[in-house]
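Everything on this sheet refers to the single structure shown next.
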Amino acid sequence: MKRTLMVLAMISTGALIPAVASAQGVPGGIERGAREGERAAGPVGAIVGGTVGGVVGGVAGVLGVDQRSRFRSYVVEQRRPSYRYQNDLAVGVVLPEDGVTYYDVPEEYGIRDYRYTVVNDRTVLVDPRTRRVVQIVE
């Protein structure tokens, strides 16, 4: 019985991936995936849905796909100076403590825990506590 429930939950959750992909980041993906999975297949579906949602949310990034171009345009309009970083810029890079200026993300984007900056003429979202790049906004 448990095995059948697990298989049903996995199949049901697979159908939820497009819905979960629109969630913002890992926390949003987990929450939405668990909610949708539970609705489709009960408690087992919630577990599977939360796992799939977290993975998909991590791939989608902090800033949703539908928000990226609008946010990028916003940053260009702000004319923020670009920090010159000598190494390869990638998600996970920790930016230097000095010389980088971080800016608040407008509330309309729903991102409270991160800041943005411009590095090598590219917009990046950064965890201000660790200075770690969490998303490069392309």
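Letters for chains follow the order of the structure tokens (A, B, ...), residue numbers begin at 1 for each chain, and ligand numbers begin at 1 in the order shown.
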
**OP:** Name the residues of range 50-130 of chain A that come out as alpha helix (DSSP H) in a backbone DSSP run; write them as a ChimeraX atom specification.
**Re:** /A:50-60,65-78

Original post:
Hey, what's within 12 Å of Thr117 in chain A if we count only C-alpha atoms and toss same-chain stuff fewer than 2 positions away? As a ChimeraX atom specification, please?
Top reply: /A:71-72,75-76,78-85,95,99-105,114-115,119-128,131-137

**OP:** Just give me the gap between CA of Ile111 in chain A and CA of Val62 in chain A in Å, one decimal is fine.
**Re:**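 So the answer is 7.6 Å.
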
Original post:
Rounded to one decimal in Å, what is the spacing between CA of Thr130 in chain A and CA of Gly92 in chain A?
Top reply: 10.2 Å
